[in-house]
Structures are given as structure tokens and as C-alpha cells.
$ cat input.cif   # mmCIF, C-alpha atoms and all ligand atoms
data_my_file
#
loop_
_atom_site.group_PDB
_atom_site.id
_atom_site.type_symbol
_atom_site.label_atom_id
_atom_site.label_comp_id
_atom_site.auth_asym_id
_atom_site.auth_seq_id
_atom_site.Cartn_x
_atom_site.Cartn_y
_atom_site.Cartn_z
ATOM 1 C CA MET A 633 -21.163 11.898 -9.560
ATOM 2 C CA PHE A 634 -17.804 11.158 -11.218
ATOM 3 C CA LYS A 635 -16.860 7.772 -9.849
ATOM 4 C CA HIS A 636 -14.111 6.547 -12.174
ATOM 5 C CA PRO A 637 -12.304 9.335 -14.034
ATOM 6 C CA PRO A 638 -9.160 10.622 -12.290
ATOM 7 C CA ALA A 639 -9.148 14.072 -10.736
ATOM 8 C CA THR A 640 -6.752 16.182 -12.797
ATOM 9 C CA ALA A 641 -6.807 19.371 -10.694
ATOM 10 C CA ILE A 642 -8.178 20.657 -7.383
ATOM 11 C CA THR A 643 -8.510 24.437 -7.243
ATOM 12 C CA PRO A 644 -10.258 26.906 -4.908
ATOM 13 C CA GLN A 645 -13.532 28.349 -6.173
ATOM 14 C CA GLY A 646 -15.153 30.851 -3.799
ATOM 15 C CA ASP A 647 -15.525 29.040 -0.468
ATOM 16 C CA SER A 648 -15.550 25.635 -2.228
ATOM 17 C CA TRP A 649 -13.123 23.504 -4.235
ATOM 18 C CA LEU A 650 -13.382 22.732 -7.942
ATOM 19 C CA ILE A 651 -12.363 19.182 -8.809
ATOM 20 C CA THR A 652 -11.647 18.778 -12.503
ATOM 21 C CA THR A 653 -11.783 15.427 -14.332
ATOM 22 C CA PRO A 654 -11.520 14.530 -18.047
ATOM 23 C CA GLU A 655 -15.326 14.098 -18.027
ATOM 24 C CA GLY A 656 -16.200 17.377 -16.355
ATOM 25 C CA GLY A 657 -15.873 19.177 -13.047
ATOM 26 C CA THR A 658 -17.657 19.236 -9.721
ATOM 27 C CA THR A 659 -17.487 21.465 -6.660
ATOM 28 C CA ALA A 660 -17.236 20.383 -3.056
ATOM 29 C CA LYS A 661 -17.275 22.161 0.301
ATOM 30 C CA ALA A 662 -14.629 19.769 1.588
ATOM 31 C CA VAL A 663 -11.987 17.596 -0.058
ATOM 32 C CA LEU A 664 -10.244 14.525 1.317
ATOM 33 C CA LEU A 665 -7.340 13.563 -0.908
ATOM 34 C CA ALA A 666 -6.643 9.830 -0.475
ATOM 35 C CA THR A 667 -4.307 9.136 -3.394
ATOM 36 C CA ASN A 668 -1.301 8.308 -1.165
ATOM 37 C CA ALA A 669 1.698 6.998 -3.166
ATOM 38 C CA TYR A 670 -0.174 7.623 -6.430
ATOM 39 C CA THR A 671 -0.459 11.389 -5.840
ATOM 40 C CA GLY A 672 0.682 13.093 -9.048
ATOM 41 C CA GLN A 673 2.599 16.382 -9.218
ATOM 42 C CA ASN A 674 -0.389 17.905 -11.042
ATOM 43 C CA ILE A 675 -2.807 17.124 -8.216
ATOM 44 C CA GLU A 676 -0.763 18.045 -5.186
ATOM 45 C CA PRO A 677 2.990 18.625 -5.530
ATOM 46 C CA ARG A 678 3.343 19.200 -1.765
ATOM 47 C CA ILE A 679 2.277 15.604 -1.125
ATOM 48 C CA ALA A 680 4.139 14.183 -4.109
ATOM 49 C CA ARG A 681 7.327 15.766 -2.674
ATOM 50 C CA SER A 682 6.725 14.473 0.856
ATOM 51 C CA MET A 683 7.261 10.782 0.137
ATOM 52 C CA LEU A 684 8.935 8.274 -2.142
ATOM 53 C CA PRO A 685 6.613 5.939 -4.056
ATOM 54 C CA LEU A 686 8.273 2.536 -3.723
ATOM 55 C CA ARG A 687 7.134 -0.492 -5.688
ATOM 56 C CA ALA A 688 6.107 -3.237 -3.258
ATOM 57 C CA TYR A 689 5.661 -6.849 -4.326
ATOM 58 C CA GLN A 690 3.513 -9.508 -2.732
ATOM 59 C CA LEU A 691 3.713 -13.260 -3.390
ATOM 60 C CA ALA A 692 1.462 -16.166 -2.455
ATOM 61 C CA THR A 693 2.718 -19.755 -2.212
ATOM 62 C CA GLU A 694 0.902 -22.852 -3.350
ATOM 63 C CA PRO A 695 -1.315 -24.095 -0.474
ATOM 64 C CA LEU A 696 0.836 -25.466 2.394
ATOM 65 C CA SER A 697 0.157 -28.637 4.372
ATOM 66 C CA GLU A 698 -1.104 -28.715 7.970
ATOM 67 C CA ALA A 699 2.322 -30.012 9.041
ATOM 68 C CA GLN A 700 4.060 -27.047 7.439
ATOM 69 C CA TRP A 701 1.669 -24.592 9.077
ATOM 70 C CA ALA A 702 2.187 -26.292 12.438
ATOM 71 C CA GLU A 703 5.889 -25.411 12.143
ATOM 72 C CA ILE A 704 5.348 -21.838 10.919
ATOM 73 C CA THR A 705 2.469 -20.374 12.915
ATOM 74 C CA PRO A 706 0.352 -22.984 14.724
ATOM 75 C CA ALA A 707 -2.194 -20.319 15.741
ATOM 76 C CA ARG A 708 -2.155 -18.653 12.277
ATOM 77 C CA GLU A 709 -0.780 -15.363 13.569
ATOM 78 C CA SER A 710 0.264 -12.676 11.097
ATOM 79 C CA ILE A 711 3.981 -11.984 11.538
ATOM 80 C CA SER A 712 5.767 -8.701 10.861
ATOM 81 C CA ASP A 713 9.130 -7.365 12.040
ATOM 82 C CA THR A 714 10.184 -3.756 12.545
ATOM 83 C CA ARG A 715 13.304 -3.525 10.349
ATOM 84 C CA CYS A 716 13.503 -1.019 7.486
ATOM 85 C CA ASP A 717 13.713 -3.976 5.100
ATOM 86 C CA LEU A 718 10.386 -5.186 6.384
ATOM 87 C CA TRP A 719 9.743 -8.937 6.487
ATOM 88 C CA TYR A 720 6.233 -10.205 7.069
ATOM 89 C CA PHE A 721 3.977 -13.110 6.221
ATOM 90 C CA ARG A 722 0.470 -14.291 6.871
ATOM 91 C CA TYR A 723 -1.919 -17.192 6.366
ATOM 92 C CA THR A 724 -4.795 -17.132 3.852
ATOM 93 C CA SER A 725 -8.059 -19.031 4.204
ATOM 94 C CA ASP A 726 -6.981 -21.359 1.359
ATOM 95 C CA HIS A 727 -3.800 -22.248 3.328
ATOM 96 C CA ARG A 728 -1.301 -20.176 1.328
ATOM 97 C CA LEU A 729 1.479 -18.136 2.831
ATOM 98 C CA VAL A 730 1.530 -14.517 1.607
ATOM 99 C CA THR A 731 4.732 -12.556 1.964
ATOM 100 C CA GLY A 732 6.454 -9.682 0.205
ATOM 101 C CA VAL A 733 9.228 -7.185 -0.127
ATOM 102 C CA ALA A 734 9.895 -3.784 -1.728
ATOM 103 C CA LEU A 735 12.437 -3.506 -4.528
ATOM 104 C CA PRO A 736 13.971 -0.228 -5.770
ATOM 105 C CA PHE A 737 14.546 -1.604 -9.300
ATOM 106 C CA LYS A 738 11.989 -3.411 -11.450
ATOM 107 C CA ALA A 739 14.531 -5.242 -13.661
ATOM 108 C CA GLY A 740 14.248 -9.024 -13.253
ATOM 109 C CA ALA A 741 12.017 -8.432 -10.229
ATOM 110 C CA LYS A 742 9.934 -11.569 -10.541
ATOM 111 C CA PHE A 743 12.990 -13.834 -10.527
ATOM 112 C CA ARG A 744 14.960 -11.883 -7.892
ATOM 113 C CA LEU A 745 11.985 -11.699 -5.569
ATOM 114 C CA GLN A 746 11.171 -15.369 -5.661
ATOM 115 C CA ALA A 747 14.808 -16.330 -5.018
ATOM 116 C CA LEU A 748 15.132 -13.835 -2.114
ATOM 117 C CA LEU A 749 11.888 -14.748 -0.395
ATOM 118 C CA LYS A 750 12.341 -18.472 -0.956
ATOM 119 C CA SER A 751 15.764 -18.301 0.675
ATOM 120 C CA ARG A 752 14.442 -16.266 3.645
ATOM 121 C CA LEU A 753 11.593 -18.673 4.249
ATOM 122 C CA GLU A 754 13.690 -21.806 3.822
ATOM 123 C CA THR A 755 16.296 -20.502 6.290
ATOM 124 C CA ALA A 756 13.648 -19.760 8.902
ATOM 125 C CA PHE A 757 11.490 -22.840 8.224
ATOM 126 C CA PRO A 758 13.377 -25.818 6.721
ATOM 127 C CA SER A 759 10.117 -27.621 5.935
ATOM 128 C CA LEU A 760 9.503 -25.040 3.189
ATOM 129 C CA ALA A 761 12.451 -26.300 1.099
ATOM 130 C CA GLN A 762 10.236 -27.278 -1.867
ATOM 131 C CA LEU A 763 8.339 -23.993 -1.758
ATOM 132 C CA SER A 764 6.882 -22.493 -4.948
ATOM 133 C CA PHE A 765 4.950 -19.255 -5.516
ATOM 134 C CA SER A 766 1.692 -19.281 -7.480
ATOM 135 C CA HIS A 767 0.863 -15.537 -7.490
ATOM 136 C CA VAL A 768 2.982 -12.364 -7.701
ATOM 137 C CA TRP A 769 1.551 -8.835 -7.732
ATOM 138 C CA ASN A 770 2.736 -5.303 -7.013
ATOM 139 C CA GLY A 771 1.771 -1.690 -6.419
ATOM 140 C CA PHE A 772 3.175 1.510 -4.901
ATOM 141 C CA VAL A 773 3.533 2.262 -1.203
ATOM 142 C CA GLY A 774 4.365 5.754 0.095
ATOM 143 C CA ILE A 775 7.631 5.877 2.081
ATOM 144 C CA THR A 776 8.522 8.957 4.166
ATOM 145 C CA ALA A 777 12.012 9.966 5.340
ATOM 146 C CA ASP A 778 11.273 9.131 9.003
ATOM 147 C CA PHE A 779 8.900 6.189 8.283
ATOM 148 C CA THR A 780 6.038 8.129 9.875
ATOM 149 C CA PRO A 781 2.715 8.954 8.161
ATOM 150 C CA ARG A 782 1.804 12.565 7.408
ATOM 151 C CA PHE A 783 -1.365 14.528 8.096
ATOM 152 C CA HIS A 784 -1.731 17.395 5.591
ATOM 153 C CA GLU A 785 -3.991 20.430 5.907
ATOM 154 C CA LEU A 786 -3.772 21.664 2.331
ATOM 155 C CA GLY A 787 -6.297 24.508 2.553
ATOM 156 C CA PRO A 788 -9.666 25.311 4.174
ATOM 157 C CA ASN A 789 -11.565 21.994 4.422
ATOM 158 C CA TYR A 790 -8.967 20.277 2.262
ATOM 159 C CA TYR A 791 -7.129 17.417 3.978
ATOM 160 C CA SER A 792 -5.006 14.387 3.290
ATOM 161 C CA PHE A 793 -3.278 11.629 5.240
ATOM 162 C CA THR A 794 -0.442 9.838 3.439
ATOM 163 C CA GLY A 795 2.807 7.921 3.807
ATOM 164 C CA TYR A 796 1.714 4.747 5.571
ATOM 165 C CA ASN A 797 5.105 3.174 4.828
ATOM 166 C CA GLY A 798 3.565 -0.098 3.688
ATOM 167 C CA ARG A 799 1.295 -0.462 6.733
ATOM 168 C CA GLY A 800 -1.842 1.277 5.522
ATOM 169 C CA LEU A 801 -4.369 -1.545 5.492
ATOM 170 C CA ALA A 802 -5.086 -1.350 9.224
ATOM 171 C CA LEU A 803 -4.128 2.279 9.726
ATOM 172 C CA THR A 804 -6.348 3.764 7.015
ATOM 173 C CA LEU A 805 -9.540 2.446 8.654
ATOM 174 C CA PRO A 806 -9.476 4.456 11.922
ATOM 175 C CA ILE A 807 -7.976 7.437 10.107
ATOM 176 C CA ASP A 808 -10.783 7.420 7.514
ATOM 177 C CA ARG A 809 -13.354 7.388 10.323
ATOM 178 C CA ALA A 810 -11.634 10.314 12.031
ATOM 179 C CA PHE A 811 -11.558 12.267 8.757
ATOM 180 C CA ALA A 812 -15.228 11.561 8.103
ATOM 181 C CA ARG A 813 -16.101 13.019 11.529
HETATM 182 C C1 LIG B 1 1.992 -5.243 -2.962
HETATM 183 C C2 LIG B 1 1.560 -4.497 -1.736
HETATM 184 C C3 LIG B 1 1.396 -5.168 -0.534
HETATM 185 C C4 LIG B 1 0.974 -4.502 0.605
HETATM 186 N N1 LIG B 1 0.803 -5.210 1.776
HETATM 187 C C5 LIG B 1 0.352 -4.582 2.888
HETATM 188 C C6 LIG B 1 0.112 -5.305 4.087
HETATM 189 O O1 LIG B 1 0.287 -6.536 4.144
HETATM 190 N N2 LIG B 1 -0.334 -4.622 5.163
HETATM 191 C C7 LIG B 1 -0.548 -3.282 5.154
HETATM 192 O O2 LIG B 1 -0.952 -2.707 6.169
HETATM 193 N N3 LIG B 1 -0.345 -2.562 4.014
HETATM 194 C C8 LIG B 1 0.105 -3.186 2.894
HETATM 195 N N4 LIG B 1 0.338 -2.472 1.753
HETATM 196 C C9 LIG B 1 0.176 -1.015 1.789
HETATM 197 C C10 LIG B 1 -1.270 -0.606 1.654
HETATM 198 O O3 LIG B 1 -1.804 -1.175 0.476
HETATM 199 C C11 LIG B 1 -1.329 0.927 1.587
HETATM 200 O O4 LIG B 1 -0.689 1.472 2.734
HETATM 201 C C12 LIG B 1 -2.775 1.365 1.566
HETATM 202 O O5 LIG B 1 -3.416 0.820 0.423
HETATM 203 C C13 LIG B 1 -2.874 2.873 1.517
HETATM 204 O O6 LIG B 1 -4.252 3.170 1.405
HETATM 205 P P1 LIG B 1 -4.774 4.483 0.734
HETATM 206 O O7 LIG B 1 -6.257 4.351 0.678
HETATM 207 O O8 LIG B 1 -4.180 5.674 1.430
HETATM 208 O O9 LIG B 1 -4.121 4.517 -0.744
HETATM 209 P P2 LIG B 1 -4.231 3.478 -1.951
HETATM 210 O O10 LIG B 1 -4.814 2.169 -1.512
HETATM 211 O O11 LIG B 1 -2.885 3.504 -2.619
HETATM 212 O O12 LIG B 1 -5.310 4.173 -2.890
HETATM 213 C C14 LIG B 1 -5.032 5.350 -3.619
HETATM 214 C C15 LIG B 1 -6.146 5.477 -4.636
HETATM 215 O O13 LIG B 1 -6.088 6.755 -5.250
HETATM 216 C C16 LIG B 1 -6.481 6.584 -6.614
HETATM 217 N N5 LIG B 1 -5.983 7.731 -7.362
HETATM 218 C C17 LIG B 1 -4.706 8.076 -7.661
HETATM 219 N N6 LIG B 1 -4.670 9.224 -8.364
HETATM 220 C C18 LIG B 1 -5.957 9.628 -8.506
HETATM 221 C C19 LIG B 1 -6.581 10.769 -9.144
HETATM 222 N N7 LIG B 1 -5.871 11.707 -9.753
HETATM 223 N N8 LIG B 1 -7.932 10.865 -9.105
HETATM 224 C C20 LIG B 1 -8.683 9.916 -8.467
HETATM 225 N N9 LIG B 1 -8.146 8.822 -7.853
HETATM 226 C C21 LIG B 1 -6.810 8.686 -7.879
HETATM 227 C C22 LIG B 1 -5.816 5.277 -7.015
HETATM 228 O O14 LIG B 1 -6.428 4.749 -8.155
HETATM 229 C C23 LIG B 1 -6.058 4.431 -5.767
HETATM 230 O O15 LIG B 1 -7.280 3.732 -5.832
HETATM 231 C C24 LIG B 1 0.728 -3.116 0.570
HETATM 232 C C25 LIG B 1 0.884 -2.421 -0.632
HETATM 233 C C26 LIG B 1 1.309 -3.101 -1.769
HETATM 234 C C27 LIG B 1 1.470 -2.331 -3.060
#
$ encode --input "input.cif" --output "C-alpha cells"
Amino acid sequence: MFKHPPATAITPQGDSWLITTPEGGTTAKAVLLATNAYTGQNIEPRIARSMLPLRAYQLATEPLSEAQWAEITPARESISDTRCDLWYFRYTSDHRLVTGVALPFKAGAKFRLQALLKSRLETAFPSLAQLSFSHVWNGFVGITADFTPRFHELGPNYYSFTGYNGRGLALTLPIDRAFAR
């Protein structure tokens, strides 16, 4: 009914929930709040308090050669380590390498990021010495104190799952199915 305007408040109304938006309100028997790191204090302060929204950056290189890919991941695996300062990279269908990092401060981010990631990649894979990045983008990920996601039961038929700690692309799919059931 209201596809694009943001929800500005979620309040109980009888045995339902009233969801208010700048274009009007609607009621629902059940609410699934999926705003994760973007959850504002106005919507749900309990979730906003439960995690730190951290700005994560992603970069894509110019397309790499077959020889470079043969050195990096011959079978095109996606690579990810388990350190707090997560390092990961993957192959795209147009032969680019996509990698990223989270930075606490935005100042000079584009320059600092490229230098940091270039140096990491060149140290691990000397054939990437002439590496250049063609795309840089960013968004917020929800980080929790123990790096574990949170299930929230916020009221009768009012649920949320948040704090994927930068690993939500795979995890949200089975969780969404479970919520839908
Ligand atoms: C640069 C970057 C790179 C990443 N790389 C990876 C990766 O390689 N692998 C991986 O697993 N994860 C990665 N992540 C993390 C992943 O994107 C998140 O974990 C995942 O998107 C969380 O999914 P979600 O649906 O819970 O929340 P989100 O995808 O954050 O969606 C939240 C939605 O809520 C909407 N919203 C916010 N407030 C309101 C409101 N008031 N009313 C209505 N809607 C609202 C927002 O517009 C948004 O669409 C990356 C994140 C970033 C930023």
C-alpha cells in the first residue's frame, strides 16, 4: 500500500500495529522490522541501541586478466577471513575483483581505502602491482558487541532480526524465510 515512504512510527492499536508514514498510516496484524543498521531512534530505540552502524566500503577493480585470476583464485572461490578487521574478495562475471573494508572515519576515505586495499592485495598477490579501482561505493552495516546477530521480539507479532556484522547477504535469506513462516 505504501511502498516507498519511510515508516516514521510503529505503535500498538488494539490487537494490531499502526505504521505511520509521511503519506498516511496503515495497520497490520504483524510487523517485521528489517531496517537493520538504518534503524532510527524514532522507529525502534531498542534496536538502534543494540548495534553500531559502521560505514562499509566496497571497491571493484578494472577487469583482471586470466593470468592474474589463475594466481588469485583459479576456481573463482569467494574468499573471506574471520578477523575483526574482515578481509574478503570475490570474482565478478565481468572479471573484476570486488573487495572492501569498514572505516570508522569518512575523512579522505576514498584515498585511504584505495591505498590500504591496493597494498593488501599487492602483498598477497604480486601480479596485482598495477591494480586500479574503477568503482567505490558504501553503506551501513550493523555491528554488535559480540559480533553475533540479534533476534528481537519487540511486542506481540512484532519481530526483527538485526546485526549481521557485514555478513547479511547470505544470512538474511534463510532468516527471512523463517520469519515468513
Ligand atoms: C558496502 C557494503 C558491502 C557489503 N558486502 C557484503 C558482502 O560481501 N557479503 C555479505 O554477506 N554482506 C555484505 N554487506 C552487508 C549486507 O549488505 C547487510 O548485512 C544486509 O544488507 C542486511 O540486510 P537487511 O535486509 O537486514 O538490511 P539492509 O539491506 O540494510 O536494508 C534495510 C532497509 O531498510 C530501509 N529502511 C530504513 N529505515 C526505514 C524506515 N523508517 N521505513 C522503511 N524502510 C526503512 C532501508 O532503506 C533499507 O532498504 C555489505 C554491506 C555494505 C554496506
$ resolve_selection --input "input.cif" --expression "the PyMOL selection byres (((chain A and resi 779-782) around 7) and not hetatm)" --output "PyMOL selection string"
chain A and resi 775-778+783-784+793-797
$ residues_near_ligand --input "input.cif" --ligand "ligand LIG 1 (chain B)" --cutoff "7 Å" --atoms "only C-alpha atoms and all ligand atoms" --output "PyMOL selection string"
chain A and resi 637-640+666-672+675+687-690+732+769-773+794+796-804
$ closest_residue --input "input.cif" --among "A:Lys635, A:Arg722, A:Pro685, A:His767" --to "A:Pro736" --atoms "all atoms listed in the file"
A:Pro685
$ closest_residue --input "input.cif" --among "A:Val733, A:Ala662, A:Ile642, A:Leu760" --to "A:Arg715" --atoms "all atoms listed in the file"
A:Val733
$ residues_around --input "input.cif" --residues "A:Ala692" --least-positions-apart "5" --cutoff "7 Å" --atoms "all atoms listed in the file" --output "ChimeraX atom specification"
/A:728-731,765-768
$ closest_residue --input "input.cif" --among "A:Leu664, A:Leu650, A:Ala680, A:Ser759" --to "A:Ser697" --atoms "only C-alpha atoms"
A:Ser759
$ resolve_selection --input "input.cif" --expression "the PyMOL selection byres (((chain A and resi 645) around 12) and not hetatm)" --output "PyMOL selection string"
chain A and resi 642-644+646-652+657-662+787-788
$ closest_residue --input "input.cif" --among "A:Phe737, A:Glu698, A:Asn789, A:Glu703" --to "A:Pro758" --atoms "only C-alpha atoms"
A:Glu703
$ atom_distance --input "input.cif" --atom1 "atom CA of A:Leu665" --atom2 "atom CA of A:Ile679"
9.8 Å
$ closest_residue --input "input.cif" --among "A:Leu763, A:Val663, A:Ala641, A:Leu684" --to "A:Ser792" --atoms "all atoms listed in the file"
A:Val663
$ atom_distance --input "input.cif" --atom1 "atom CA of A:Phe743" --atom2 "atom CA of A:Asp713"
23.8 Å
$ atom_distance --input "input.cif" --atom1 "atom CA of A:Trp719" --atom2 "atom CA of A:Ile704"
14.3 Å
$ closest_residue --input "input.cif" --among "A:His727, A:Phe634, A:Gly774, A:Ala739" --to "A:Trp701" --atoms "all atoms listed in the file"
A:His727
$ decode --input "input.cif" --residues "stretch 721-753 of chain A" --atoms "N, CA and C atoms" --output "PDB file, in the first residue's frame"
ATOM      1  N   PHE A 721      37.361 -11.021  -0.636  1.00  0.00           N
ATOM      2  CA  PHE A 721      37.282 -10.600  -2.028  1.00  0.00           C
ATOM      3  C   PHE A 721      36.605 -11.682  -2.849  1.00  0.00           C
ATOM      4  N   ARG A 722      36.065 -11.252  -3.968  1.00  0.00           N
ATOM      5  CA  ARG A 722      35.373 -12.211  -4.834  1.00  0.00           C
ATOM      6  C   ARG A 722      35.472 -11.774  -6.289  1.00  0.00           C
ATOM      7  N   TYR A 723      35.123 -12.718  -7.158  1.00  0.00           N
ATOM      8  CA  TYR A 723      35.194 -12.550  -8.607  1.00  0.00           C
ATOM      9  C   TYR A 723      33.827 -12.092  -9.114  1.00  0.00           C
ATOM     10  N   THR A 724      33.795 -11.200 -10.113  1.00  0.00           N
ATOM     11  CA  THR A 724      32.515 -10.859 -10.742  1.00  0.00           C
ATOM     12  C   THR A 724      32.494 -11.439 -12.153  1.00  0.00           C
ATOM     13  N   SER A 725      31.288 -11.532 -12.719  1.00  0.00           N
ATOM     14  CA  SER A 725      31.183 -12.173 -14.041  1.00  0.00           C
ATOM     15  C   SER A 725      31.906 -11.368 -15.119  1.00  0.00           C
ATOM     16  N   ASP A 726      32.184 -10.076 -14.880  1.00  0.00           N
ATOM     17  CA  ASP A 726      32.977  -9.326 -15.870  1.00  0.00           C
ATOM     18  C   ASP A 726      34.445  -9.226 -15.424  1.00  0.00           C
ATOM     19  N   HIS A 727      34.885 -10.229 -14.654  1.00  0.00           N
ATOM     20  CA  HIS A 727      36.310 -10.474 -14.332  1.00  0.00           C
ATOM     21  C   HIS A 727      36.934  -9.461 -13.379  1.00  0.00           C
ATOM     22  N   ARG A 728      36.115  -8.694 -12.667  1.00  0.00           N
ATOM     23  CA  ARG A 728      36.676  -7.754 -11.685  1.00  0.00           C
ATOM     24  C   ARG A 728      36.843  -8.461 -10.344  1.00  0.00           C
ATOM     25  N   LEU A 729      37.715  -7.879  -9.535  1.00  0.00           N
ATOM     26  CA  LEU A 729      37.843  -8.340  -8.158  1.00  0.00           C
ATOM     27  C   LEU A 729      37.145  -7.308  -7.278  1.00  0.00           C
ATOM     28  N   VAL A 730      36.216  -7.785  -6.437  1.00  0.00           N
ATOM     29  CA  VAL A 730      35.490  -6.883  -5.524  1.00  0.00           C
ATOM     30  C   VAL A 730      35.974  -7.163  -4.107  1.00  0.00           C
ATOM     31  N   THR A 731      36.372  -6.107  -3.425  1.00  0.00           N
ATOM     32  CA  THR A 731      36.849  -6.262  -2.061  1.00  0.00           C
ATOM     33  C   THR A 731      36.408  -5.047  -1.256  1.00  0.00           C
ATOM     34  N   GLY A 732      36.617  -5.058   0.039  1.00  0.00           N
ATOM     35  CA  GLY A 732      36.163  -3.915   0.826  1.00  0.00           C
ATOM     36  C   GLY A 732      36.708  -3.904   2.225  1.00  0.00           C
ATOM     37  N   VAL A 733      36.289  -2.890   2.954  1.00  0.00           N
ATOM     38  CA  VAL A 733      36.752  -2.702   4.321  1.00  0.00           C
ATOM     39  C   VAL A 733      35.793  -1.725   4.996  1.00  0.00           C
ATOM     40  N   ALA A 734      35.754  -1.732   6.330  1.00  0.00           N
ATOM     41  CA  ALA A 734      34.950  -0.739   7.056  1.00  0.00           C
ATOM     42  C   ALA A 734      35.895   0.293   7.652  1.00  0.00           C
ATOM     43  N   LEU A 735      35.477   1.551   7.588  1.00  0.00           N
ATOM     44  CA  LEU A 735      36.310   2.631   8.137  1.00  0.00           C
ATOM     45  C   LEU A 735      35.493   3.404   9.171  1.00  0.00           C
ATOM     46  N   PRO A 736      36.071   3.688  10.359  1.00  0.00           N
ATOM     47  CA  PRO A 736      35.315   4.461  11.347  1.00  0.00           C
ATOM     48  C   PRO A 736      35.155   5.925  10.955  1.00  0.00           C
ATOM     49  N   PHE A 737      36.096   6.495  10.192  1.00  0.00           N
ATOM     50  CA  PHE A 737      36.029   7.910   9.837  1.00  0.00           C
ATOM     51  C   PHE A 737      35.915   8.063   8.327  1.00  0.00           C
ATOM     52  N   LYS A 738      35.047   9.025   7.915  1.00  0.00           N
ATOM     53  CA  LYS A 738      34.791   9.196   6.485  1.00  0.00           C
ATOM     54  C   LYS A 738      35.860  10.062   5.801  1.00  0.00           C
ATOM     55  N   ALA A 739      36.590  10.867   6.602  1.00  0.00           N
ATOM     56  CA  ALA A 739      37.524  11.843   6.023  1.00  0.00           C
ATOM     57  C   ALA A 739      38.572  11.159   5.134  1.00  0.00           C
ATOM     58  N   GLY A 740      38.658  11.615   3.891  1.00  0.00           N
ATOM     59  CA  GLY A 740      39.666  11.101   2.954  1.00  0.00           C
ATOM     60  C   GLY A 740      39.491   9.623   2.645  1.00  0.00           C
ATOM     61  N   ALA A 741      38.268   9.107   2.868  1.00  0.00           N
ATOM     62  CA  ALA A 741      38.056   7.658   2.786  1.00  0.00           C
ATOM     63  C   ALA A 741      38.454   7.084   1.433  1.00  0.00           C
ATOM     64  N   LYS A 742      38.068   7.769   0.367  1.00  0.00           N
ATOM     65  CA  LYS A 742      38.288   7.195  -0.956  1.00  0.00           C
ATOM     66  C   LYS A 742      39.783   6.950  -1.194  1.00  0.00           C
ATOM     67  N   PHE A 743      40.606   7.918  -0.789  1.00  0.00           N
ATOM     68  CA  PHE A 743      42.044   7.799  -0.994  1.00  0.00           C
ATOM     69  C   PHE A 743      42.632   6.749  -0.048  1.00  0.00           C
ATOM     70  N   ARG A 744      42.243   6.828   1.247  1.00  0.00           N
ATOM     71  CA  ARG A 744      42.817   5.907   2.238  1.00  0.00           C
ATOM     72  C   ARG A 744      42.468   4.463   1.908  1.00  0.00           C
ATOM     73  N   LEU A 745      41.214   4.268   1.497  1.00  0.00           N
ATOM     74  CA  LEU A 745      40.763   2.919   1.173  1.00  0.00           C
ATOM     75  C   LEU A 745      41.547   2.295   0.043  1.00  0.00           C
ATOM     76  N   GLN A 746      41.693   3.088  -1.032  1.00  0.00           N
ATOM     77  CA  GLN A 746      42.342   2.531  -2.218  1.00  0.00           C
ATOM     78  C   GLN A 746      43.782   2.170  -1.884  1.00  0.00           C
ATOM     79  N   ALA A 747      44.466   3.049  -1.107  1.00  0.00           N
ATOM     80  CA  ALA A 747      45.859   2.772  -0.757  1.00  0.00           C
ATOM     81  C   ALA A 747      45.948   1.509   0.105  1.00  0.00           C
ATOM     82  N   LEU A 748      45.039   1.389   1.100  1.00  0.00           N
ATOM     83  CA  LEU A 748      45.064   0.239   2.021  1.00  0.00           C
ATOM     84  C   LEU A 748      44.799  -1.074   1.274  1.00  0.00           C
ATOM     85  N   LEU A 749      43.748  -1.066   0.465  1.00  0.00           N
ATOM     86  CA  LEU A 749      43.369  -2.316  -0.196  1.00  0.00           C
ATOM     87  C   LEU A 749      44.351  -2.689  -1.300  1.00  0.00           C
ATOM     88  N   LYS A 750      44.885  -1.685  -1.958  1.00  0.00           N
ATOM     89  CA  LYS A 750      45.892  -1.932  -3.003  1.00  0.00           C
ATOM     90  C   LYS A 750      47.109  -2.602  -2.358  1.00  0.00           C
ATOM     91  N   SER A 751      47.525  -2.066  -1.214  1.00  0.00           N
ATOM     92  CA  SER A 751      48.715  -2.615  -0.559  1.00  0.00           C
ATOM     93  C   SER A 751      48.461  -4.051  -0.067  1.00  0.00           C
ATOM     94  N   ARG A 752      47.257  -4.301   0.498  1.00  0.00           N
ATOM     95  CA  ARG A 752      46.928  -5.666   0.925  1.00  0.00           C
ATOM     96  C   ARG A 752      46.989  -6.647  -0.242  1.00  0.00           C
ATOM     97  N   LEU A 753      46.354  -6.243  -1.341  1.00  0.00           N
ATOM     98  CA  LEU A 753      46.269  -7.155  -2.485  1.00  0.00           C
ATOM     99  C   LEU A 753      47.637  -7.375  -3.128  1.00  0.00           C
TER     100      LEU A 753
END
